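Note: the block below is data_7.txt and it holds compact mmCIF, C-alpha atoms.
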```txt
# COMPACT_ATOMS: atom_id res chain seq x y z
CA MET S 1 0.00 0.00 0.00
CA ASN S 2 1.10 3.55 -0.75
CA PRO S 3 2.49 5.02 2.52
CA THR S 4 0.56 8.27 2.05
CA ILE S 5 -2.71 6.36 1.65
CA ALA S 6 -1.86 4.18 4.64
CA ALA S 7 -1.13 7.19 6.83
CA ALA S 8 -4.26 9.01 5.66
CA SER S 9 -6.37 5.89 6.32
CA VAL S 10 -5.04 5.49 9.85
CA LEU S 11 -5.66 9.19 10.54
CA ALA S 12 -9.16 8.99 9.08
CA ALA S 13 -9.94 5.90 11.17
CA ALA S 14 -8.77 7.66 14.31
CA LEU S 15 -10.87 10.72 13.46
CA ALA S 16 -13.92 8.60 12.63
CA VAL S 17 -13.86 6.83 15.99
CA GLY S 18 -12.76 9.85 18.02
CA LEU S 19 -15.14 12.42 16.59
CA GLY S 20 -17.93 9.87 16.24
CA ALA S 21 -17.74 9.01 19.92
CA ILE S 22 -17.87 12.59 21.24
CA GLY S 23 -21.54 13.30 20.51
CA PRO S 24 -22.98 9.97 21.66
CA GLY S 25 -20.72 10.03 24.71
CA ILE S 26 -22.03 13.39 25.85
CA GLY S 27 -25.59 12.37 25.00
CA GLN S 28 -25.37 9.06 26.86
CA GLY S 29 -23.89 10.70 29.92
CA THR S 30 -26.58 13.37 30.00
CA ALA S 31 -29.37 10.84 29.41
CA ALA S 32 -28.13 8.48 32.12
CA GLY S 33 -27.67 11.36 34.58
CA GLN S 34 -31.16 12.70 33.96
CA ALA S 35 -32.60 9.19 34.24
CA VAL S 36 -30.97 8.61 37.62
CA GLU S 37 -32.26 12.00 38.76
CA GLY S 38 -35.74 11.07 37.58
CA ILE S 39 -35.60 7.69 39.36
CA ALA S 40 -34.50 9.40 42.57
CA ARG S 41 -37.43 11.81 42.33
CA GLN S 42 -40.02 9.25 41.27
CA PRO S 43 -39.03 5.71 42.28
CA GLU S 44 -42.47 4.46 41.23
CA ALA S 45 -41.67 5.39 37.61
CA GLU S 46 -38.34 3.53 37.59
CA GLY S 47 -39.41 0.94 35.02
CA LYS S 48 -40.73 3.54 32.61
CA ILE S 49 -37.62 5.71 32.95
CA ARG S 50 -35.25 2.77 32.45
CA ALA S 51 -37.25 1.58 29.43
CA THR S 52 -36.99 5.02 27.82
CA LEU S 53 -33.28 5.12 28.68
CA LEU S 54 -32.74 1.73 27.02
CA LEU S 55 -34.38 2.92 23.81
CA SER S 56 -32.49 6.19 23.71
CA LEU S 57 -29.14 4.54 24.51
CA ALA S 58 -29.71 1.96 21.77
CA PHE S 59 -30.15 4.76 19.24
CA MET S 60 -27.25 6.82 20.53
CA GLU S 61 -24.75 3.99 20.64
CA ALA S 62 -25.56 3.11 17.04
CA LEU S 63 -23.84 6.36 16.03
CA THR S 64 -20.61 5.20 17.65
CA ILE S 65 -21.01 1.88 15.84
CA TYR S 66 -21.28 3.63 12.47
CA GLY S 67 -18.01 5.43 13.15
CA LEU S 68 -16.43 2.15 14.20
CA VAL S 69 -17.54 0.45 10.99
CA VAL S 70 -15.95 3.18 8.87
CA ALA S 71 -12.74 2.96 10.92
CA LEU S 72 -12.55 -0.85 10.76
CA ILE S 73 -13.14 -0.88 7.01
CA LEU S 74 -10.46 1.76 6.51
CA LEU S 75 -8.01 -0.23 8.63
CA PHE S 76 -8.71 -3.80 7.55
CA ALA S 77 -10.41 -3.62 4.15
CA ASN S 78 -9.24 -0.35 2.71
CA PRO S 79 -10.93 0.28 -0.65
CA PHE S 80 -8.21 2.79 -1.68
CA SER S 81 -5.26 0.44 -1.31
CA MET L 1 -46.54 10.84 77.90
CA ASN L 2 -48.69 8.04 76.55
CA ASN L 3 -49.84 10.20 73.69
CA SER L 4 -46.30 11.07 72.66
CA GLU L 5 -45.25 7.40 72.91
CA SER L 6 -48.14 6.27 70.75
CA THR L 7 -47.31 9.01 68.20
CA LEU L 8 -43.69 7.87 68.21
CA HIS L 9 -44.74 4.24 67.74
CA SER L 10 -47.05 5.12 64.88
CA THR L 11 -44.31 7.18 63.21
CA ILE L 12 -41.85 4.30 63.54
CA GLU L 13 -44.42 1.86 62.15
CA LYS L 14 -45.14 4.18 59.23
CA ASN L 15 -41.43 4.52 58.50
CA SER L 16 -40.86 0.78 58.68
CA GLU L 17 -43.88 0.21 56.41
CA SER L 18 -42.54 2.67 53.86
CA GLU L 19 -39.10 1.03 54.03
CA ILE L 20 -40.66 -2.33 53.33
CA SER L 21 -42.94 -1.12 50.60
CA THR L 22 -40.34 0.90 48.64
CA PRO L 23 -38.34 -2.07 47.25
CA GLU L 24 -41.61 -3.85 46.40
CA LEU L 25 -42.76 -0.72 44.60
CA ALA L 26 -39.49 -0.58 42.70
CA ASP L 27 -39.78 -4.27 41.76
CA ASN L 28 -43.32 -3.71 40.49
CA SER L 29 -42.36 -0.61 38.51
CA MET L 30 -39.47 -2.47 36.84
CA GLY L 31 -42.00 -4.77 35.18
CA GLU L 32 -42.41 -2.33 32.30
CA PHE L 33 -38.67 -2.33 31.66
CA TYR L 34 -38.41 -6.13 31.67
CA GLN L 35 -41.43 -6.33 29.38
CA LEU L 36 -39.82 -3.90 26.94
CA ARG L 37 -36.54 -5.85 27.02
CA ASN L 38 -38.31 -9.13 26.32
CA ASN L 39 -40.39 -7.53 23.56
CA LEU L 40 -37.27 -6.14 21.92
CA LEU L 41 -35.43 -9.47 22.11
CA MET L 42 -38.40 -11.39 20.72
CA GLY L 43 -38.95 -8.73 18.04
CA THR L 44 -35.30 -8.95 17.02
CA ILE L 45 -35.55 -12.74 16.72
CA PHE L 46 -38.71 -12.40 14.63
CA VAL L 47 -37.18 -9.77 12.30
CA ALA L 48 -34.03 -11.93 12.04
CA LEU L 49 -36.03 -14.97 10.96
CA VAL L 50 -37.94 -12.95 8.37
CA GLY L 51 -34.74 -11.27 7.15
CA SER L 52 -32.78 -14.51 6.90
CA SER L 53 -35.57 -16.23 4.97
CA LEU L 54 -35.75 -13.25 2.58
CA THR L 55 -31.95 -13.36 2.18
CA LEU L 56 -32.12 -17.08 1.54
CA PHE L 57 -34.79 -16.49 -1.10
CA PHE L 58 -33.08 -13.59 -2.92
CA TYR L 59 -29.40 -14.51 -2.37
CA ASP L 60 -27.84 -17.76 -1.12
CA TRP L 61 -27.62 -19.74 2.11
CA GLN L 62 -24.13 -18.41 2.90
CA THR L 63 -25.36 -14.80 2.94
CA SER L 64 -28.32 -15.88 5.04
CA LEU L 65 -26.02 -17.56 7.57
CA ASN L 66 -23.84 -14.43 7.67
CA TYR L 67 -26.94 -12.37 8.39
CA LEU L 68 -27.97 -14.76 11.16
CA LEU L 69 -24.48 -14.63 12.69
CA GLY L 70 -24.68 -10.82 12.82
CA THR L 71 -28.13 -11.04 14.38
CA CYS L 72 -26.90 -13.40 17.11
CA PHE L 73 -24.19 -10.93 18.05
CA GLY L 74 -26.76 -8.11 17.89
CA LEU L 75 -28.94 -10.01 20.35
CA VAL L 76 -26.01 -10.43 22.74
CA TYR L 77 -25.25 -6.71 22.36
CA LEU L 78 -28.86 -5.71 23.06
CA ASN L 79 -28.97 -7.97 26.10
CA MET L 80 -25.75 -6.45 27.45
CA LEU L 81 -27.11 -2.94 26.82
CA ALA L 82 -30.31 -3.80 28.70
CA ARG L 83 -28.25 -5.21 31.58
CA SER L 84 -26.15 -2.05 31.78
CA VAL L 85 -29.30 0.12 31.75
CA GLU L 86 -30.67 -2.07 34.54
CA ARG L 87 -27.56 -1.30 36.59
CA VAL L 88 -27.49 2.48 35.92
CA GLY L 89 -27.42 4.27 39.26
CA LEU L 90 -26.79 1.06 41.22
CA THR L 91 -23.12 0.52 40.46
CA LYS L 92 -20.40 3.11 40.11
CA LYS L 93 -18.55 1.56 37.19
CA THR L 94 -20.42 1.52 33.92
CA SER L 95 -18.41 0.85 30.81
CA GLY L 96 -19.66 0.32 27.29
CA TRP L 97 -16.35 -1.07 26.05
CA SER L 98 -17.30 -4.72 26.48
CA ARG L 99 -20.34 -4.18 24.27
CA LEU L 100 -18.33 -2.40 21.61
CA ALA L 101 -15.59 -5.04 21.87
CA ILE L 102 -18.12 -7.66 20.78
CA PHE L 103 -18.94 -5.64 17.69
CA ILE L 104 -15.28 -4.88 16.91
CA GLY L 105 -14.37 -8.58 17.24
CA LEU L 106 -17.24 -9.62 15.00
CA MET L 107 -16.36 -7.09 12.30
CA ILE L 108 -12.64 -7.91 12.34
CA VAL L 109 -13.41 -11.63 11.99
CA ALA L 110 -15.91 -10.87 9.20
CA ILE L 111 -13.35 -8.75 7.34
CA LYS L 112 -10.46 -11.18 7.79
CA ARG L 113 -12.26 -14.46 7.06
CA GLU L 114 -12.88 -15.28 3.42
CA GLN L 115 -16.12 -17.17 4.20
CA LEU L 116 -17.78 -14.18 5.92
CA GLN L 117 -19.18 -11.12 4.17
CA VAL L 118 -19.07 -7.74 5.89
CA VAL L 119 -22.36 -6.20 4.73
CA PRO L 120 -24.74 -9.06 5.73
CA VAL L 121 -22.99 -9.43 9.08
CA PHE L 122 -23.28 -5.69 9.76
CA LEU L 123 -26.92 -5.55 8.61
CA GLY L 124 -27.66 -8.57 10.81
CA PHE L 125 -26.08 -6.80 13.76
CA ILE L 126 -28.22 -3.70 13.11
CA THR L 127 -31.43 -5.80 13.04
CA TYR L 128 -32.19 -4.82 16.64
CA LYS L 129 -32.78 -1.26 15.44
CA VAL L 130 -35.47 -2.47 13.06
CA ALA L 131 -37.10 -4.27 15.99
CA ILE L 132 -36.95 -1.09 18.09
CA LEU L 133 -38.44 1.02 15.30
CA SER L 134 -41.18 -1.51 14.62
CA TYR L 135 -41.96 -1.47 18.35
CA LEU L 136 -41.91 2.32 18.70
CA LEU L 137 -43.62 3.54 15.53
CA PRO L 138 -47.04 1.90 16.14
CA LEU L 139 -46.99 3.10 19.76
CA ASN L 140 -46.18 6.64 18.67
CA LEU L 141 -48.81 6.67 15.93
CA TRP L 142 -51.43 5.24 18.30
CA ASP L 143 -50.55 7.89 20.90
CA GLN L 144 -50.86 10.69 18.35
CA GLN L 145 -54.19 9.32 17.16
CA ASN L 146 -55.48 9.23 20.74
CA LYS L 147 -54.36 12.81 21.32
CA ALA L 148 -56.08 14.00 18.15
CA GLU L 149 -59.28 12.18 19.16
CA SER L 150 -59.22 13.68 22.66
CA LYS L 151 -58.80 17.18 21.17
CA ASN L 152 -61.81 16.65 18.94
```

Since I need it in another form, could you write the structure as structure tokens?
Amino acid sequence: MNPTIAAASVLAAALAVGLGAIGPGIGQGTAAGQAVEGIARQPEAEGKIRATLLLSLAFMEALTIYGLVVALILLFANPFS
Amino acid sequence: MNNSESTLHSTIEKNSESEISTPELADNSMGEFYQLRNNLLMGTIFVALVGSSLTLFFYDWQTSLNYLLGTCFGLVYLNMLARSVERVGLTKKTSGWSRLAIFIGLMIVAIKREQLQVVPVFLGFITYKVAILSYLLPLNLWDQQNKAESKN
């Protein structure tokens, strides 16, 4: 593989994972914090709050997974090599 | 003196009753969460069976097996996510790396092995999102319809 392409691919993979994880990370932290706060205020609604948290976390973590897919393909099955 | 003692006793009894009833209340309220988790797991299995049979019909059995492999890992991932949500607020350490490690391992194996194809494995892994959407959309539409009817 061309060294320039290899270096660019590694950099792009790092950026894809790093930048792709920032948004979902902040979102997941905020959502989990608010959920815990809600459970502390209303313990009787714990099941409902956790169910909503599960759904929102499933959607948020998918964004990290998309970044990971791009990074893994760039690293292990680079289409530009 | 007797009055104050009886008040004290009743307060203590009330407190002890509330202490006993709170965990029971929490257990009862968690029923909705467990129901959602089971619905999502069963929905994912159902969508996976439909998807794999469609893949078998339009492509070949190898692609179908790849899709099923991705779905199995997606189920494990969803179960781990549900377990971590169940533990939110109860334990200090919550890490999503073990969940992502499953996905990374699956994708690396799919890329490296000649027998496995990346796209069906990835789409199989993402099947849980289809199950979530198919669970949420009817609920949302039904809710909106109810709101519109109550306005009228």

### Message
Can you pull out the residues contacting range 100-109 of chain L? Cut-off 12 Å, using only C-alpha atoms, and skip same-chain residues under 6 positions away; I want them as a VMD selection string.
### Response
(chain S and resid 17 21 61 to 77) or (chain L and resid 66 69 to 78 80 to 81 115 to 126)

### Query
To one decimal place, how far is CA of Lys129 in chain L from CA of Phe46 in chain L in Å?
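So the two atoms, CA of Lys129 in chain L and CA of Phe46 in chain L, lie 12.6 Å apart.
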
### Summary
re CA of Asn38 in chain L and CA of Leu53 in chain S: distance 15.3 Å

### Task
Kindly provide, as a VMD selection string, the residues of chain S having any atom no farther than 6 Å from an atom of chain L, counting all atoms listed in the file.
chain S and resid 36 44 46 to 47 51

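A straight line drawn from CA of Arg113 in chain L to CA of Val130 in chain L is 26.8 Å long.
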
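Of the listed residues S:Ile39, S:Ser81, S:Leu15, S:Pro24, the one whose atoms come nearest to Ser56 in chain S is S:Pro24, with distances taken using all atoms listed in the file.
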
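Among the candidates S:Gln28, S:Phe80, S:Gln42, S:Ala16, the residue lying nearest to Ala58 in chain S is S:Gln28 (atoms considered: all atoms listed in the file).
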
Using all atoms of range 84-89 of chain L listed in the file and a margin of 6 Å per side, can you give the axis-aligned box centre and edge lengths in Å to one decimal, as lines of an AutoDock Vina configuration file?
```
center_x = -28.4
center_y = 1.1
center_z = 35.5
size_x = 16.5
size_y = 18.3
size_z = 19.5
```

#### Entry: Residue contacts of Ile5 in chain S (10 Å, only C-alpha atoms) excluding same-chain residues fewer than 4 positions away, as an MDAnalysis selection string
chainID S and resid 1 9:11 78 80:81
